[in-house]
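Engineer: The structure follows.
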Amino acid sequence: MRTLAPLTIVLGCAAIGCASTPLPTAEVARAQTLVAQAESSQAQQYAAADLDRARTKLQQANKAMDAKKPMPANQFATEAAADAEVAIARSQAAQAEKSAAEVDASVEALRSESQRNVRGQ
Amino acid sequence: MNKLPLLGAAVAAALAIGCATTPKTVPELVEAHAAVERLTSDPLASQSATRELQAARGSLDNADNALKKNRPQGEVVHYAYLAKRQAETGEARLAEVRAKEKISKGEAARNAVRLEAREREVDLARNQAAANAADAEAARQSALSAQQRAEEAQRALDEQQRALAELQAKQTERGMVLTLGDVLFDTGRSELKPGAATTLDRVAKYLNQNAETRVLIEGYTDSRGTAEYNQQLSAQRASSVASALETRGVSRDRIDTSGKGEELPVASNDTSAGRQLNRRVEIVFSDADGKFADKMAQR
């Protein structure tokens, strides 16, 4: 199939001017999944700009799909997926950093309380 | 560092197609190279962002190739964008890994502090328990010795009471009082008759066993004769008893004597039986510490 596809495109392109290039359904679906995953990773809170970019590009990809334009659809979809992955990673990193800061604060609190208890003895 | 071959490729491409398009730097591609370079230089990347690093390098190659093959600039920018974003994803992954390391270190530190605090509490509780046990033991000991002292005092008191009871002394408001009847003296005389010896032996023995006890010896008469005579006679009789005790080993210091004469009759002087009761010598005993129950008894 893989070896046949470019051949088909080339032949198709030659015959009817690239109208038959397959639409990137899988790429769009992947972008869709990653955007949803970013949303459930609280990216709206921790990586809003990246999530917004991903959403915008996903919309553009879908528009291109509707317009049967495979090339921009593919580019928008893959960029949307990359943006969503950035959003997921940054959101998870931010949450981990927040937890780390909380743990640090609690260690400090525990230490000072412990010191106070020692002095209180 | 990758700029030179890239530039070379661009120049070569431009030359190959006769400079139809001037070779230009694509700012997005420059940015992408910088981002991938930044991720590569992080020592943690090769183990914790392998997938992202690989993807970013692949996209960067695609971008470089697109430029080299003189593909439309949109394609170069597209791959460059992917490369930059994939590198950024890798960086975020590394930040997450570092934050998680920090969390586990923090948790370990927190556990250490907690453990330390708990150990200290245990120590404290143990010390407190030991102190409490010591206090309790001390309290028990002191309660014991207080009880022992009380019991001892009670035993001594009982013993004294019992011994005095043996002497046929009576408990009165003035303490224990032993009354010696008139049968110990001849009428008008103050010398003790031999029959008094047994009683006086017992009194002396008691006094010798209770070294702190003091006695007050009081002589009394009935109302016949003059008051003055009676007073003298009663004083002499009290004195006789004192001397008798002294010869039995009781120090004179412990004995007071008093002649009361006709005072304080215990019965009516109108009958001979009453008068007989009034003729008497009373021995008043102090307690074991030499104190008399009634201050009147101490003169």
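To be explicit about the labels: the chains of the structure tokens are called A, B, and onward in the order shown, and within each one the residues are counted from 1, while ligands get numbers from 1 in the order they are shown.
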For chain A, work out the contacting residues on chain B at 10 Å, counting only C-alpha atoms, and write them as a PDB file with C-alpha atoms, in the first residue's frame.
Structural biologist:
```
ATOM      1  CA  GLU B  52      10.685  14.093  21.794  1.00  0.00           C
ATOM      2  CA  GLY B  74       5.583  27.166   3.799  1.00  0.00           C
ATOM      3  CA  GLU B  75       6.819  23.585   3.974  1.00  0.00           C
ATOM      4  CA  HIS B  78       5.916  23.942   8.793  1.00  0.00           C
ATOM      5  CA  TYR B  79       8.661  21.389   9.575  1.00  0.00           C
ATOM      6  CA  TYR B  81       7.582  24.745  13.572  1.00  0.00           C
ATOM      7  CA  LEU B  82       7.063  21.058  14.285  1.00  0.00           C
ATOM      8  CA  ALA B  83      10.745  20.685  15.269  1.00  0.00           C
ATOM      9  CA  LYS B  84      10.600  23.680  17.602  1.00  0.00           C
ATOM     10  CA  ARG B  85       7.366  22.529  19.256  1.00  0.00           C
ATOM     11  CA  GLN B  86       8.632  18.970  19.677  1.00  0.00           C
ATOM     12  CA  ALA B  87      11.803  20.316  21.279  1.00  0.00           C
ATOM     13  CA  GLU B  88       9.654  22.442  23.588  1.00  0.00           C
ATOM     14  CA  THR B  89       7.606  19.404  24.511  1.00  0.00           C
ATOM     15  CA  GLY B  90      10.889  17.639  25.381  1.00  0.00           C
ATOM     16  CA  GLU B  91      11.960  20.577  27.537  1.00  0.00           C
ATOM     17  CA  ALA B  92       8.641  20.505  29.373  1.00  0.00           C
ATOM     18  CA  ARG B  93       9.069  16.752  29.942  1.00  0.00           C
ATOM     19  CA  LEU B  94      12.474  17.376  31.501  1.00  0.00           C
ATOM     20  CA  ALA B  95      11.031  20.111  33.698  1.00  0.00           C
ATOM     21  CA  GLU B  96       8.381  17.638  34.826  1.00  0.00           C
ATOM     22  CA  VAL B  97      10.989  14.965  35.566  1.00  0.00           C
ATOM     23  CA  ARG B  98      13.016  17.451  37.623  1.00  0.00           C
ATOM     24  CA  ALA B  99       9.929  18.599  39.511  1.00  0.00           C
ATOM     25  CA  LYS B 100       9.057  15.003  40.287  1.00  0.00           C
ATOM     26  CA  GLU B 101      12.579  14.358  41.570  1.00  0.00           C
ATOM     27  CA  LYS B 102      12.172  17.406  43.751  1.00  0.00           C
ATOM     28  CA  ILE B 103       8.859  16.029  45.007  1.00  0.00           C
ATOM     29  CA  SER B 104      10.328  12.693  45.968  1.00  0.00           C
ATOM     30  CA  LYS B 105      13.279  14.389  47.672  1.00  0.00           C
ATOM     31  CA  GLY B 106      10.866  16.681  49.477  1.00  0.00           C
ATOM     32  CA  GLU B 107       8.744  13.746  50.536  1.00  0.00           C
ATOM     33  CA  ALA B 108      11.808  11.929  51.806  1.00  0.00           C
ATOM     34  CA  ALA B 109      12.812  15.030  53.749  1.00  0.00           C
ATOM     35  CA  ARG B 110       9.302  15.328  55.094  1.00  0.00           C
ATOM     36  CA  ASN B 111       9.329  11.720  56.213  1.00  0.00           C
ATOM     37  CA  ALA B 112      12.720  12.237  57.826  1.00  0.00           C
ATOM     38  CA  VAL B 113      11.457  15.247  59.746  1.00  0.00           C
ATOM     39  CA  ARG B 114       8.342  13.345  60.753  1.00  0.00           C
ATOM     40  CA  GLU B 116      12.666  12.587  63.808  1.00  0.00           C
ATOM     41  CA  ALA B 117       9.714  14.280  65.477  1.00  0.00           C
ATOM     42  CA  ARG B 118       8.127  10.938  66.240  1.00  0.00           C
ATOM     43  CA  ARG B 120      11.596  12.723  69.826  1.00  0.00           C
ATOM     44  CA  GLU B 121       8.016  12.236  70.983  1.00  0.00           C
ATOM     45  CA  LEU B 124       9.865  12.401  75.521  1.00  0.00           C
TER      46      LEU B 124
END
```
Engineer: Considering only strand (DSSP E or B) as DSSP defines it on the backbone, what residues of region 76-290 of chain B qualify? List them as a PDB file with C-alpha atoms, in the first residue's frame.
Structural biologist:
```pdb
ATOM      1  CA  LYS B 170      -7.787   5.266 134.384  1.00  0.00           C
ATOM      2  CA  GLN B 171      -8.192   7.432 131.352  1.00  0.00           C
ATOM      3  CA  THR B 172      -9.388  10.838 132.555  1.00  0.00           C
ATOM      4  CA  GLY B 175      -4.655  11.835 131.007  1.00  0.00           C
ATOM      5  CA  MET B 176      -4.009   8.489 132.617  1.00  0.00           C
ATOM      6  CA  VAL B 177      -4.429   8.683 136.361  1.00  0.00           C
ATOM      7  CA  LEU B 178      -3.539   5.980 138.887  1.00  0.00           C
ATOM      8  CA  THR B 179      -5.189   6.316 142.252  1.00  0.00           C
ATOM      9  CA  LEU B 180      -3.432   4.840 145.248  1.00  0.00           C
ATOM     10  CA  GLY B 181      -5.948   4.213 148.048  1.00  0.00           C
ATOM     11  CA  PHE B 185      -0.727   4.747 154.627  1.00  0.00           C
ATOM     12  CA  LEU B 192       4.203   3.996 152.849  1.00  0.00           C
ATOM     13  CA  VAL B 215       4.374  12.068 136.532  1.00  0.00           C
ATOM     14  CA  LEU B 216       2.590  14.412 138.796  1.00  0.00           C
ATOM     15  CA  ILE B 217       1.932  12.985 142.232  1.00  0.00           C
ATOM     16  CA  GLU B 218      -0.893  14.604 144.147  1.00  0.00           C
ATOM     17  CA  GLY B 219      -1.863  13.868 147.731  1.00  0.00           C
ATOM     18  CA  TYR B 220      -5.483  14.275 148.924  1.00  0.00           C
ATOM     19  CA  ILE B 255       8.361  13.781 139.151  1.00  0.00           C
ATOM     20  CA  ASP B 256       6.360  16.686 140.450  1.00  0.00           C
ATOM     21  CA  THR B 257       4.512  16.488 143.729  1.00  0.00           C
ATOM     22  CA  SER B 258       1.631  18.481 145.083  1.00  0.00           C
ATOM     23  CA  GLY B 259      -0.295  18.438 148.363  1.00  0.00           C
ATOM     24  CA  LYS B 260      -3.903  19.179 147.614  1.00  0.00           C
ATOM     25  CA  GLY B 261      -5.277  18.577 151.159  1.00  0.00           C
ATOM     26  CA  ARG B 280      -5.813   9.062 148.274  1.00  0.00           C
ATOM     27  CA  VAL B 281      -2.686   9.735 146.222  1.00  0.00           C
ATOM     28  CA  GLU B 282      -3.143  10.233 142.497  1.00  0.00           C
ATOM     29  CA  ILE B 283      -0.370   9.677 140.005  1.00  0.00           C
ATOM     30  CA  VAL B 284      -1.049  11.572 136.768  1.00  0.00           C
ATOM     31  CA  PHE B 285       0.934  10.366 133.759  1.00  0.00           C
TER      32      PHE B 285
END
```
Engineer: Name the residues in contact with Ser40 (chain A) at a cut-off of 12 Å, using only C-alpha atoms, excluding same-chain residues fewer than 2 positions from it; report them as an NGL selection string.
Structural biologist: :A and (33-38 or 42-47 or 51 or 84 or 87-88 or 91-92)
Engineer: Assign secondary structure with DSSP using the backbone only, and return the residues of region 45-253 of chain B in alpha helix (DSSP H) as a PyMOL selection string.
Structural biologist: chain B and resi 45-48+50-68+73-166+197-209+227-247
Engineer: Just C-alpha atoms for this one: save the residues we selected as a short mmCIF file (atom, residue, chain, number, x, y, z; two decimals), in the first residue's frame.
Structural biologist:
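Printed below is result31.cif as written:
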```
data_model
loop_
_atom_site.label_atom_id
_atom_site.label_comp_id
_atom_site.auth_asym_id
_atom_site.auth_seq_id
_atom_site.Cartn_x
_atom_site.Cartn_y
_atom_site.Cartn_z
CA ALA B 45 17.36 14.68 27.52
CA SER B 46 18.97 11.51 26.19
CA GLN B 47 17.29 9.44 28.87
CA SER B 48 14.11 11.32 29.78
CA THR B 50 14.27 10.40 23.98
CA ARG B 51 11.05 10.29 21.99
CA GLU B 52 10.68 14.09 21.79
CA LEU B 53 14.34 14.58 20.88
CA GLN B 54 14.05 12.02 18.11
CA ALA B 55 10.86 13.57 16.73
CA ALA B 56 12.34 17.07 16.84
CA ARG B 57 15.49 15.95 15.02
CA GLY B 58 13.37 14.21 12.38
CA SER B 59 11.30 17.33 11.79
CA LEU B 60 14.43 19.47 11.70
CA ASP B 61 15.90 17.16 9.03
CA ASN B 62 12.67 17.46 7.05
CA ALA B 63 12.88 21.24 7.30
CA ASP B 64 16.53 21.28 6.24
CA ASN B 65 15.78 18.95 3.35
CA ALA B 66 12.80 21.02 2.26
CA LEU B 67 15.00 24.06 2.21
CA LYS B 68 17.74 22.18 0.38
CA GLN B 73 8.87 28.15 2.13
CA GLY B 74 5.58 27.17 3.80
CA GLU B 75 6.82 23.58 3.97
CA VAL B 76 10.15 24.62 5.50
CA VAL B 77 8.34 26.76 8.06
CA HIS B 78 5.92 23.94 8.79
CA TYR B 79 8.66 21.39 9.57
CA ALA B 80 10.66 24.00 11.47
CA TYR B 81 7.58 24.74 13.57
CA LEU B 82 7.06 21.06 14.28
CA ALA B 83 10.74 20.69 15.27
CA LYS B 84 10.60 23.68 17.60
CA ARG B 85 7.37 22.53 19.26
CA GLN B 86 8.63 18.97 19.68
CA ALA B 87 11.80 20.32 21.28
CA GLU B 88 9.65 22.44 23.59
CA THR B 89 7.61 19.40 24.51
CA GLY B 90 10.89 17.64 25.38
CA GLU B 91 11.96 20.58 27.54
CA ALA B 92 8.64 20.51 29.37
CA ARG B 93 9.07 16.75 29.94
CA LEU B 94 12.47 17.38 31.50
CA ALA B 95 11.03 20.11 33.70
CA GLU B 96 8.38 17.64 34.83
CA VAL B 97 10.99 14.96 35.57
CA ARG B 98 13.02 17.45 37.62
CA ALA B 99 9.93 18.60 39.51
CA LYS B 100 9.06 15.00 40.29
CA GLU B 101 12.58 14.36 41.57
CA LYS B 102 12.17 17.41 43.75
CA ILE B 103 8.86 16.03 45.01
CA SER B 104 10.33 12.69 45.97
CA LYS B 105 13.28 14.39 47.67
CA GLY B 106 10.87 16.68 49.48
CA GLU B 107 8.74 13.75 50.54
CA ALA B 108 11.81 11.93 51.81
CA ALA B 109 12.81 15.03 53.75
CA ARG B 110 9.30 15.33 55.09
CA ASN B 111 9.33 11.72 56.21
CA ALA B 112 12.72 12.24 57.83
CA VAL B 113 11.46 15.25 59.75
CA ARG B 114 8.34 13.34 60.75
CA LEU B 115 10.35 10.36 61.83
CA GLU B 116 12.67 12.59 63.81
CA ALA B 117 9.71 14.28 65.48
CA ARG B 118 8.13 10.94 66.24
CA GLU B 119 11.35 9.63 67.72
CA ARG B 120 11.60 12.72 69.83
CA GLU B 121 8.02 12.24 70.98
CA VAL B 122 8.75 8.66 71.85
CA ASP B 123 11.85 9.73 73.79
CA LEU B 124 9.87 12.40 75.52
CA ALA B 125 7.10 9.99 76.40
CA ARG B 126 9.62 7.45 77.60
CA ASN B 127 11.36 10.04 79.78
CA GLN B 128 8.03 11.27 81.03
CA ALA B 129 6.97 7.72 81.84
CA ALA B 130 10.22 7.11 83.67
CA ALA B 131 9.80 10.36 85.60
CA ASN B 132 6.21 9.45 86.40
CA ALA B 133 7.28 6.01 87.57
CA ALA B 134 9.96 7.57 89.77
CA ASP B 135 7.44 10.02 91.19
CA ALA B 136 4.97 7.23 91.80
CA GLU B 137 7.65 5.15 93.51
CA ALA B 138 8.69 8.11 95.67
CA ALA B 139 5.06 8.77 96.54
CA ARG B 140 4.55 5.11 97.34
CA GLN B 141 7.64 5.09 99.54
CA SER B 142 6.63 8.23 101.36
CA ALA B 143 3.09 6.96 101.78
CA LEU B 144 4.54 3.74 103.08
CA SER B 145 6.85 5.44 105.52
CA ALA B 146 4.09 7.84 106.62
CA GLN B 147 1.87 4.86 107.20
CA GLN B 148 4.68 3.06 108.96
CA ARG B 149 5.28 6.06 111.18
CA ALA B 150 1.58 6.34 111.93
CA GLU B 151 1.40 2.65 112.69
CA GLU B 152 4.45 2.86 114.90
CA ALA B 153 3.01 5.83 116.76
CA GLN B 154 -0.27 4.01 117.16
CA ARG B 155 1.53 0.90 118.39
CA ALA B 156 3.49 2.97 120.90
CA LEU B 157 0.31 4.62 122.08
CA ASP B 158 -1.46 1.28 122.33
CA GLU B 159 1.46 -0.16 124.20
CA GLN B 160 1.47 2.74 126.63
CA GLN B 161 -2.27 2.48 127.14
CA ARG B 162 -2.02 -1.23 127.67
CA ALA B 163 0.83 -0.85 130.16
CA LEU B 164 -1.01 1.86 132.05
CA ALA B 165 -4.14 -0.22 132.01
CA GLU B 166 -2.13 -2.97 133.63
CA ALA B 197 5.52 -1.96 147.13
CA THR B 198 3.96 -4.09 144.39
CA THR B 199 2.03 -1.18 142.91
CA LEU B 200 5.03 1.15 143.09
CA ASP B 201 7.24 -1.50 141.46
CA ARG B 202 4.89 -1.59 138.53
CA VAL B 203 4.75 2.22 138.25
CA ALA B 204 8.57 2.46 138.40
CA LYS B 205 8.92 -0.26 135.81
CA TYR B 206 6.55 1.55 133.52
CA LEU B 207 8.38 4.85 133.98
CA ASN B 208 11.73 3.19 133.35
CA GLN B 209 10.41 1.77 130.11
CA ALA B 227 -7.03 22.31 156.27
CA GLU B 228 -3.44 23.27 156.94
CA TYR B 229 -2.67 19.94 158.56
CA ASN B 230 -4.37 18.09 155.76
CA GLN B 231 -2.42 20.03 153.16
CA GLN B 232 0.87 19.20 154.82
CA LEU B 233 -0.06 15.55 155.27
CA SER B 234 -1.09 15.27 151.62
CA ALA B 235 2.14 16.91 150.49
CA GLN B 236 4.21 14.54 152.62
CA ARG B 237 2.36 11.51 151.32
CA ALA B 238 2.92 12.66 147.70
CA SER B 239 6.54 13.18 148.51
CA SER B 240 6.79 9.69 150.03
CA VAL B 241 5.50 8.19 146.81
CA ALA B 242 8.00 10.28 144.84
CA SER B 243 10.85 9.05 147.02
CA ALA B 244 9.68 5.48 146.65
CA LEU B 245 9.80 5.86 142.86
CA GLU B 246 13.18 7.51 143.05
CA THR B 247 14.60 4.56 144.98
#
```
